[in-house]
Every structure is written in C-alpha cells, then in structure tokens.
file coords_10.cif (mmCIF, C-alpha atoms and all ligand atoms)
data_data
#
loop_
_atom_site.label_atom_id
_atom_site.label_comp_id
_atom_site.auth_asym_id
_atom_site.auth_seq_id
_atom_site.Cartn_x
_atom_site.Cartn_y
_atom_site.Cartn_z
CA MET A 1 -79.07 158.27 -25.89
CA THR A 2 -77.40 155.61 -27.97
CA ILE A 3 -73.75 155.31 -28.74
CA GLN A 4 -73.36 154.23 -32.36
CA TYR A 5 -69.71 153.34 -32.21
CA SER A 6 -68.17 152.74 -28.81
CA ARG A 7 -64.55 153.23 -27.98
CA THR A 8 -62.56 150.10 -27.29
CA VAL A 9 -59.85 149.41 -24.72
CA GLU A 10 -56.39 150.31 -25.99
CA THR A 11 -54.42 149.16 -22.93
CA LEU A 12 -55.07 147.84 -19.43
CA VAL A 13 -52.84 149.35 -16.77
CA GLU A 14 -52.26 147.76 -13.38
CA GLY A 15 -50.72 150.70 -11.54
CA ARG A 16 -47.61 150.76 -9.40
CA PRO A 17 -47.71 150.30 -5.62
CA THR A 18 -45.78 153.08 -3.93
CA SER A 19 -45.96 155.40 -0.96
CA ASP A 20 -46.04 159.17 -0.74
CA GLY A 21 -46.30 161.87 1.90
CA ALA A 22 -45.31 160.41 5.29
CA GLY A 23 -45.62 156.76 4.29
CA VAL A 24 -49.15 156.62 2.88
CA LYS A 25 -49.51 153.47 0.81
CA LEU A 26 -51.11 154.03 -2.56
CA THR A 27 -51.23 152.80 -6.13
CA ARG A 28 -50.04 155.19 -8.80
CA VAL A 29 -52.40 154.32 -11.62
CA LEU A 30 -51.53 157.12 -13.99
CA THR A 31 -47.77 157.45 -13.92
CA GLY A 32 -45.38 159.87 -15.63
CA ARG A 33 -44.96 157.74 -18.73
CA LEU A 34 -48.69 158.11 -19.50
CA GLN A 35 -48.80 161.92 -19.20
CA GLN A 36 -48.56 162.53 -22.95
CA ARG A 37 -51.04 159.79 -23.78
CA LEU A 38 -53.59 160.97 -21.22
CA ASP A 39 -53.02 164.72 -21.57
CA PRO A 40 -54.47 166.82 -19.81
CA PHE A 41 -54.24 164.38 -16.85
CA LEU A 42 -50.88 164.11 -15.09
CA MET A 43 -51.43 161.60 -12.34
CA LEU A 44 -54.04 159.37 -10.70
CA ASP A 45 -53.38 157.84 -7.31
CA ALA A 46 -55.74 155.30 -5.77
CA PHE A 47 -55.59 154.54 -2.06
CA ALA A 48 -57.62 151.98 -0.12
CA ASN A 49 -56.04 151.20 3.25
CA GLU A 50 -57.68 149.34 6.15
CA ASN A 51 -54.58 149.43 8.32
CA PRO A 52 -54.04 152.87 9.94
CA ASP A 53 -50.25 152.36 9.74
CA ASP A 54 -50.67 152.69 5.97
CA TYR A 55 -52.28 156.15 6.11
CA ILE A 56 -51.88 157.74 9.54
CA GLY A 57 -48.74 159.72 8.53
CA GLY A 58 -50.78 161.64 5.96
CA PHE A 59 -49.31 164.24 3.65
CA PRO A 60 -47.58 166.93 5.74
CA ASP A 61 -46.80 170.39 4.28
CA HIS A 62 -45.68 170.22 0.65
CA PRO A 63 -45.81 172.59 -2.33
CA HIS A 64 -47.47 172.46 -5.76
CA ARG A 65 -47.27 174.71 -8.81
CA GLY A 66 -48.72 174.68 -12.31
CA PHE A 67 -51.75 172.36 -12.17
CA GLU A 68 -54.86 171.37 -10.18
CA THR A 69 -55.41 168.55 -7.71
CA VAL A 70 -58.80 166.86 -7.43
CA THR A 71 -59.18 164.63 -4.38
CA TYR A 72 -62.23 162.39 -4.16
CA MET A 73 -62.89 160.53 -0.96
CA ILE A 74 -64.90 157.29 -0.99
CA ALA A 75 -64.43 156.56 2.72
CA GLY A 76 -62.53 158.29 5.47
CA ARG A 77 -61.74 161.79 6.72
CA MET A 78 -58.85 164.06 5.74
CA ARG A 79 -58.15 167.57 6.99
CA HIS A 80 -56.76 170.03 4.44
CA ARG A 81 -54.86 173.21 5.34
CA ASP A 82 -53.04 175.47 2.91
CA SER A 83 -50.91 178.58 2.57
CA GLY A 84 -53.93 180.52 1.30
CA GLY A 85 -55.50 180.18 4.74
CA ASN A 86 -58.00 177.58 3.56
CA GLU A 87 -59.03 174.71 5.75
CA GLY A 88 -61.52 171.96 5.12
CA LEU A 89 -62.55 168.45 6.03
CA LEU A 90 -62.82 166.03 3.16
CA GLN A 91 -64.93 162.97 3.91
CA ASN A 92 -67.14 160.12 2.61
CA GLY A 93 -68.15 160.98 -0.94
CA GLY A 94 -66.78 164.52 -0.90
CA MET A 95 -64.42 166.17 -3.35
CA GLN A 96 -61.79 168.83 -2.96
CA TRP A 97 -60.67 170.84 -5.97
CA MET A 98 -57.49 172.83 -5.57
CA THR A 99 -55.86 175.04 -8.16
CA ALA A 100 -52.19 175.25 -7.26
CA GLY A 101 -51.59 177.89 -9.93
CA ARG A 102 -48.44 179.88 -9.08
CA GLY A 103 -48.12 178.09 -5.79
CA VAL A 104 -49.80 176.49 -2.82
CA ILE A 105 -48.25 174.80 0.18
CA HIS A 106 -50.68 172.43 1.84
CA SER A 107 -51.11 169.45 4.11
CA GLU A 108 -53.61 166.62 3.86
CA MET A 109 -53.85 164.76 7.15
CA PRO A 110 -56.11 161.87 8.19
CA GLU A 111 -58.68 162.68 10.84
CA GLN A 112 -59.38 159.08 11.79
CA GLU A 113 -57.36 156.55 13.69
CA ASP A 114 -58.98 153.38 12.44
CA GLY A 115 -61.16 152.03 9.67
CA LEU A 116 -60.93 152.20 5.92
CA MET A 117 -59.50 155.19 4.10
CA GLU A 118 -60.28 155.02 0.41
CA GLY A 119 -60.14 157.56 -2.36
CA PHE A 120 -58.38 159.05 -5.34
CA GLN A 121 -56.23 162.00 -6.23
CA LEU A 122 -56.22 163.18 -9.83
CA TRP A 123 -53.86 165.84 -11.19
CA LEU A 124 -55.31 167.98 -13.96
CA ASN A 125 -52.93 170.13 -15.94
CA LEU A 126 -53.42 173.86 -16.46
CA PRO A 127 -52.84 175.49 -19.85
CA ALA A 128 -49.54 177.43 -20.06
CA LYS A 129 -51.40 180.73 -19.87
CA ASN A 130 -53.00 179.76 -16.52
CA LYS A 131 -50.11 178.07 -14.75
CA MET A 132 -49.30 181.16 -12.70
CA VAL A 133 -52.85 182.13 -11.70
CA ALA A 134 -53.60 182.69 -8.02
CA GLY A 135 -54.22 179.56 -5.98
CA TRP A 136 -57.84 178.53 -5.44
CA TYR A 137 -59.59 175.92 -3.37
CA ARG A 138 -63.06 174.56 -2.80
CA ASP A 139 -64.59 171.69 -0.85
CA PHE A 140 -67.61 169.90 -2.25
CA PRO A 141 -69.35 167.87 0.45
CA SER A 142 -70.94 164.68 -0.82
CA GLU A 143 -74.50 166.08 -0.84
CA SER A 144 -73.40 168.92 -3.15
CA ILE A 145 -72.21 166.60 -5.90
CA PRO A 146 -74.86 166.31 -8.64
CA GLU A 147 -76.11 162.79 -9.42
CA PHE A 148 -78.25 161.06 -12.02
CA ARG A 149 -79.96 157.71 -12.30
CA THR A 150 -80.63 156.04 -15.64
CA ALA A 151 -83.61 153.85 -16.59
CA ASP A 152 -81.20 150.88 -16.36
CA GLY A 153 -80.57 151.57 -12.68
CA VAL A 154 -77.11 153.00 -13.17
CA THR A 155 -76.24 155.91 -10.90
CA GLY A 156 -73.62 158.48 -11.66
CA ARG A 157 -72.01 161.21 -9.62
CA VAL A 158 -70.87 164.10 -11.79
CA LEU A 159 -67.72 165.53 -10.24
CA ALA A 160 -66.86 167.53 -13.36
CA GLY A 161 -68.30 168.07 -16.82
CA GLU A 162 -71.79 166.99 -17.82
CA SER A 163 -73.56 163.65 -18.10
CA HIS A 164 -77.15 162.53 -18.70
CA GLY A 165 -78.42 166.09 -18.52
CA VAL A 166 -76.70 166.80 -15.21
CA THR A 167 -74.10 169.54 -14.90
CA GLY A 168 -71.23 168.55 -12.66
CA ALA A 169 -69.78 170.22 -9.59
CA MET A 170 -66.87 171.71 -11.57
CA GLN A 171 -66.22 172.89 -15.13
CA ARG A 172 -62.98 173.90 -16.82
CA ASP A 173 -62.95 175.60 -20.23
CA ALA A 174 -59.46 174.76 -21.45
CA THR A 175 -59.58 171.01 -20.81
CA ALA A 176 -63.34 170.32 -20.55
CA PRO A 177 -62.76 167.57 -17.98
CA LEU A 178 -65.40 164.90 -17.45
CA TYR A 179 -65.10 163.10 -14.11
CA LEU A 180 -67.78 160.56 -13.26
CA ASP A 181 -68.17 158.03 -10.46
CA VAL A 182 -70.47 155.42 -12.00
CA HIS A 183 -72.23 152.61 -10.10
CA LEU A 184 -73.58 149.79 -12.27
CA PRO A 185 -75.76 146.97 -10.98
CA ALA A 186 -75.12 143.40 -12.19
CA GLY A 187 -76.16 143.26 -15.84
CA GLY A 188 -75.94 147.05 -16.05
CA ARG A 189 -75.14 149.10 -19.10
CA PHE A 190 -73.93 152.67 -19.29
CA GLU A 191 -73.37 154.95 -22.24
CA GLN A 192 -71.48 158.22 -22.31
CA PRO A 193 -70.86 160.41 -25.36
CA LEU A 194 -67.22 161.50 -25.66
CA PRO A 195 -65.62 163.75 -28.28
CA ALA A 196 -63.29 161.48 -30.27
CA GLY A 197 -60.29 163.76 -29.71
CA HIS A 198 -60.60 163.75 -25.93
CA ASN A 199 -58.34 161.39 -24.02
CA ALA A 200 -60.31 159.06 -21.76
CA PHE A 201 -59.83 156.27 -19.26
CA VAL A 202 -61.79 154.13 -16.84
CA TYR A 203 -60.64 152.92 -13.42
CA VAL A 204 -62.66 150.06 -11.90
CA TYR A 205 -62.62 150.11 -8.08
CA ARG A 206 -65.35 147.49 -7.40
CA GLY A 207 -66.54 144.60 -9.52
CA GLU A 208 -65.62 144.20 -13.17
CA ALA A 209 -66.54 146.11 -16.31
CA ASP A 210 -66.77 145.08 -19.94
CA ILE A 211 -65.85 147.66 -22.56
CA GLY A 212 -66.18 146.63 -26.21
CA GLY A 213 -65.55 142.98 -25.38
CA THR A 214 -62.57 143.60 -23.08
CA ALA A 215 -62.97 142.66 -19.43
CA VAL A 216 -61.63 145.35 -17.12
CA PRO A 217 -60.97 143.76 -13.71
CA VAL A 218 -61.02 145.54 -10.39
CA ARG A 219 -58.09 147.92 -9.69
CA ARG A 220 -57.25 148.28 -13.37
CA MET A 221 -57.24 151.34 -15.57
CA ALA A 222 -58.48 150.93 -19.12
CA ILE A 223 -57.13 153.52 -21.53
CA LEU A 224 -59.82 154.08 -24.18
CA ALA A 225 -58.73 154.23 -27.81
CA ASN A 226 -59.20 157.55 -29.65
CA ASP A 227 -60.92 156.12 -32.72
CA PRO A 228 -61.98 159.09 -34.88
CA GLN A 229 -65.27 157.29 -35.71
CA SER A 230 -66.26 156.74 -32.10
CA ASP A 231 -68.97 158.88 -30.52
CA GLY A 232 -68.58 157.69 -26.95
CA VAL A 233 -68.18 154.67 -24.77
CA MET A 234 -70.49 151.85 -23.74
CA ILE A 235 -69.69 150.09 -20.48
CA GLU A 236 -71.36 146.89 -19.25
CA SER A 237 -71.13 144.97 -15.99
CA THR A 238 -71.86 141.40 -15.00
CA THR A 239 -71.60 142.14 -11.30
CA ASP A 240 -72.09 145.17 -9.03
CA THR A 241 -69.45 147.53 -10.33
CA ARG A 242 -68.11 150.95 -9.44
CA LEU A 243 -65.75 152.86 -11.64
CA LEU A 244 -64.37 156.26 -12.49
CA LEU A 245 -64.75 157.52 -16.05
CA ILE A 246 -62.41 160.40 -16.73
CA ALA A 247 -61.94 162.29 -20.00
CA GLY A 248 -60.62 165.64 -21.18
CA GLN A 249 -59.44 167.73 -24.07
CA PRO A 250 -55.66 167.50 -24.48
CA LEU A 251 -53.63 170.71 -24.12
CA ARG A 252 -50.86 169.56 -26.49
CA GLU A 253 -48.27 171.69 -24.70
CA PRO A 254 -44.85 170.57 -23.44
CA ILE A 255 -44.94 168.93 -19.99
CA ALA A 256 -42.00 169.46 -17.63
CA GLN A 257 -42.32 167.91 -14.18
CA TYR A 258 -40.13 167.98 -11.12
CA GLY A 259 -41.98 166.28 -8.26
CA PRO A 260 -44.87 168.53 -7.20
CA PHE A 261 -44.19 171.17 -9.89
CA VAL A 262 -45.55 170.75 -13.42
CA MET A 263 -44.63 173.47 -15.89
CA ASN A 264 -43.81 173.69 -19.62
CA THR A 265 -40.02 174.17 -19.52
CA GLU A 266 -36.98 173.25 -17.41
CA ALA A 267 -36.33 176.96 -16.75
CA GLU A 268 -39.81 177.30 -15.25
CA LEU A 269 -39.14 174.28 -13.02
CA GLN A 270 -35.88 175.80 -11.80
CA GLN A 271 -37.75 179.00 -11.05
CA ALA A 272 -40.36 177.03 -9.06
CA VAL A 273 -37.65 175.34 -6.97
CA LYS A 274 -35.95 178.69 -6.39
CA ASP A 275 -39.23 180.40 -5.43
CA PHE A 276 -40.03 177.56 -3.02
CA ARG A 277 -36.59 177.80 -1.36
CA ASN A 278 -36.95 181.56 -1.05
CA GLY A 279 -40.41 181.26 0.44
CA GLN A 280 -41.94 182.97 -2.63
CA LEU A 281 -43.82 180.07 -4.16
CA ALA A 282 -47.17 180.66 -2.52
CA GLY A 283 -49.30 183.78 -2.16
CO CO B 1 -50.64 167.83 -2.37
#

call {"tool": "encode", "arguments": {"input": "coords_10.cif", "output": "structure tokens", "more": "lines below"}}
Ligand code: CO
result
Amino acid sequence: MTIQYSRTVETLVEGRPTSDGAGVKLTRVLTGRLQQRLDPFLMLDAFANENPDDYIGGFPDHPHRGFETVTYMIAGRMRHRDSGGNEGLLQNGGMQWMTAGRGVIHSEMPEQEDGLMEGFQLWLNLPAKNKMVAGWYRDFPSESIPEFRTADGVTGRVLAGESHGVTGAMQRDATAPLYLDVHLPAGGRFEQPLPAGHNAFVYVYRGEADIGGTAVPVRRMAILANDPQSDGVMIESTTDTRLLLIAGQPLREPIAQYGPFVMNTEAELQQAVKDFRNGQLAG
C-alpha cells in the first residue's frame, strides 16, 4: 500500500482542561466549536490521571440521547451500568460502544482506588433517521479487538472500520467510522487510505508524530486537511509513538446540542429534556 498524496495538518488543537461527572479531570480535545468541522464526531475527551482524587468520583447516573459513545480504556477499570439493565467492566485495552439512541441513563464508575486511569471517550453522531432507535450496548474486552502488524513494525488496533486487511470490532454504515490505535516504533512509518471527503484527525498520546512535515507533539490533536487530491495519510515517528487516528463520513445534518443530548433541532432538545424530567427518556 502506498499513499500517493498524503493529507497535511490543517490545525493543531491543544484541548481544554476541564472536569465532568463528579469531578473527573479530563481534557476536552474535540470541543463544540469543532463539531461542524469534524462531523460526524461530536466530542473527544482524553483522561490520564495518576491521582485518584482526579477520577474517584466517576460519572454517576446521567442521560444521553441522539448519538453513540465510544469509550476506550488504555489503563484502569470502570464499571458501567445503564437503564437498559446492562452492566460491564471496562478495563486495560477494552472498548465500550453504547448507542444512546432515544435514551439511556448510565453511570461509569472507577473500580480502582489507586494507580493510573487513562483513556478516551469519543461521541459519534447518529443520522437523523436513527436518533430515536432503541439503546444498545456492547463491551469489547481487549483480546477481542482486532490487530495488525505492518512490515515496518507498526501495530494497529482496529476499534472501528477497516485497516491493513483487518476488519475492526465495530462498523457503522451511515458514518463509516475508522478508529485506530496505532503504535509506531522510533523511525516508524504508517500509511492509511482515507476517502478525501471524510473528516479525519489524529491525537498523539505518547511520543511525537510527523504528518506531512508538521510535528504533532504529545497531547495534541491534528485536524487533517480535506484535500480533494489526497488518497490517505502518511504518519512518521522519530520516537516511540502512540496515537489515535479517527475518520468518518460527515452526516451534513444540523447539530443541536444541550449537554448530553444531541439532536437536529431545538424542539427535539426540548422534547429530550421534557422526556428526561418525566422519566420517559430511556426504555
Ligand atoms: Co455518559
């Protein structure tokens, strides 16, 4: 596989330190102002906390409607419970994919009292026609996530989509999401074909990447330009590097968000709030 014309970096984004749930410290990498640009992705949070005070409060019961949450754990243990009666333990290298659809109320609570808790939560939008589907949930333990290794010694974990002949753990027709966790050795080089119209970004969580001559330091998101000539992206590394490569087909539908609800119109948001207050959001 050879990329003829790699995408370049359009913008580097540092992310905004914040806290959510019951005081969990995190960095909001993909914020509201980037939702149109990175359609169909609505949010990316990165968390990497050594101090239990920064995660022990977890995320007690809260609702969602209108999109999907994809939680990927690098290190640590979190217990998930939801209004659909689902329960699961997300840990080291595992992924949880939850379709909020018409409504889910869930909690995500740490099941550790010390040590590092590190991971990511990505919000993937649903097309208007699927926003009110029934909630759905699945845990993917680390060993169930398909992986590949290239001749250059690069390893990839395929959380969603397809890469290097490996079909990922999840597929979605409307948005064709690609979600890779790529590990490059020093002097490594990785190529990934990407449809030019798909929005794509990279988040480096160890080391430093080089994309088309732009250095992407650790804890930075690089938004990749949508050059119509490009056939993919080439990523290089001078040091041991780990990064997420995320891409998807934009929905090009209106986005209306109120906290944990993401719909297409204000009226639908008001309905979500009303349903939640009346106990009719979930189920
Ligand atoms: Co949640």

call {"tool": "residues_near_ligand", "arguments": {"input": "coords_10.cif", "ligand": "ligand CO 1 (chain B)", "cutoff": "8 Å", "atoms": "all atoms listed in the file", "output": "ChimeraX atom specification"}}
result
/A:59,62-64,69,105-108,260

call {"tool": "residues_near_point", "arguments": {"input": "coords_10.cif", "point": "(-64.8, 144.3, -14.4)", "cutoff": "10 Å", "atoms": "all atoms listed in the file", "output": "ChimeraX atom specification"}}
result
/A:203-211,214-220,235-243

call {"tool": "residues_near_point", "arguments": {"input": "coords_10.cif", "point": "(-68.1, 167.4, -1.8)", "cutoff": "8 Å", "atoms": "all atoms listed in the file", "output": "list of chain:residue names"}}
result
A:Leu90, A:Gln91, A:Gly93, A:Gly94, A:Met95, A:Gln96, A:Asp139, A:Phe140, A:Pro141, A:Ser142, A:Glu143, A:Ser144, A:Ile145

call {"tool": "atom_distance", "arguments": {"input": "coords_10.cif", "atom1": "CA of Phe201 (chain A)", "atom2": "CA of Leu30 (chain A)"}}
result
9.9 Å

call {"tool": "atom_distance", "arguments": {"input": "coords_10.cif", "atom1": "CA of Ser19 (chain A)", "atom2": "CA of Ala222 (chain A)"}}
result
22.5 Å

call {"tool": "closest_residue", "arguments": {"input": "coords_10.cif", "among": "A:Leu26, A:Ala48, A:Val233, A:Val104", "to": "Asp61 (chain A)", "atoms": "all atoms listed in the file"}}
result
A:Val104
